[in-house]
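Note sheet for the following structure.
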Amino acid sequence: MSAIHYQEFEGPIDEATLLRLGTVAGPVFSAPGHPEPAAAEMAEQLGLAVNGHRWIHLCTATVNGRVVGFKVGRSNDPRTFESWMGGVLPHARKQGIASQLARLQDAWCRNRGFQFIQTETAHDNTAMLTINLKAGFCIAGTYLDRGNRLKVVLQKAVHGSS
C-alpha cells in the first residue's frame, strides 16, 4: 500500500467530505447479507448525527487521495468528548490506521481541555469492546437502545487535561 496521509478537521463537516466518508462508512458498517448502504445515505446520517454540536473533530486517513479510514467525534459538553464513529476499509486494515486516528483524536481532546473520551458499542461487538479496553477505556455503564439492544458505554480519562 502507498503512503498513508492523515488530516484533521474541526467544526461542521461539509457535504463533499460527508460523501467521501460515506464511501468508507457504507462498506465498514454494512451488515453481512444485507446490501451496502449508499454513500449519500451514509453521508446524510453522518451529517445529521454530528453537525450541530459545539465541538466536532474529524480525522481521516487517505491513500492516493482516497479516504481509507476515519474517526469522528462530537460534544456539547466541555468535559466529555464522544468518539462517535470510525472505521477502516477492510483492504487497509492491520496497518495501524485505527490506532493513529485514535491518537490524533486523543491529542485533540487533550489540547482542548476535555477530561474524558466516551464511546459506546453493542454488547456483542467483542472486537470493538476488545479494541477499546486495550486502548484504556473502562466500562462505565450499559443501557437498552430503542431497538431493545444492550449497549455498553466506555470511558477513559484524557491524560494531561486540566
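Residues in the C-alpha cells are numbered from 1 in each chain, the chains being A, B, ... in the order shown, and ligands are numbered from 1 in the order shown.
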Excluding A:Ala39 and residues on its chain fewer than 3 positions from it, collect all residues at most 6 Å away from it, counting only C-alpha atoms, and give them as a PyMOL selection string. chain A and resi 22-23+42-43
Writing out the chosen residues with C-alpha atoms as a PDB file, in the first residue's frame:
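That gives us out_35.pdb:
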```
ATOM      1  CA  GLY A  22     -19.972   7.759   3.241  1.00  0.00           C
ATOM      2  CA  THR A  23     -17.909   5.752   0.751  1.00  0.00           C
ATOM      3  CA  MET A  42     -24.456   7.303   4.989  1.00  0.00           C
ATOM      4  CA  ALA A  43     -23.334  10.911   4.400  1.00  0.00           C
TER       5      ALA A  43
END
```
Polymer residues at most 9 Å from A:Val88, only C-alpha atoms, same-chain spacing of 6 or more positions, as a list in words: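 Once the nearby chain positions are removed, what remains is Val24, Ala25, Val28, Ala61, Val67, Val68, Gly69, Phe70, Lys71, Ile97 and Ala98 of chain A.
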Work out how far apart atom CA of A:Asp124 and atom CA of A:Gly33 are and give it in Å to one decimal. 18.1 Å
Give the strand (DSSP E or B) residues of stretch 50-96 of chain A, as assigned by DSSP on the backbone, as a PyMOL selection string. chain A and resi 55-63+66-75+80-88
Give me, please, the distance in Å between atom CA of A:Thr121 and atom CA of A:Leu154, quoted to one decimal. 8.2 Å
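Residue nearest A:Tyr6 within the list A:Arg146, A:Arg54, A:Arg112, A:Arg66: A:Arg66 [criterion: smallest interatomic distance, only C-alpha atoms].
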As JSON, numbers by chain, please: every residue in chain A that a backbone DSSP assignment puts in helix (DSSP H, G or I). {"A": [15, 16, 17, 18, 19, 20, 21, 22, 23, 24, 25, 26, 27, 28, 29, 39, 40, 41, 42, 43, 44, 45, 46, 47, 48, 49, 50, 90, 91, 92, 97, 98, 99, 100, 101, 102, 103, 104, 105, 106, 107, 108, 109, 110, 111, 126, 127, 128, 129, 130, 131, 132, 133, 134]}
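Using only C-alpha atoms, the residues found no farther than 10 Å from A:Lys151, other than those of its own chain fewer than 3 positions away, are Glu120, Thr121, Ala122, His123, Asp124, Asn125, Gly141, Thr142, Tyr143, Leu144, Asp145, Asn148 and Leu154 of chain A.
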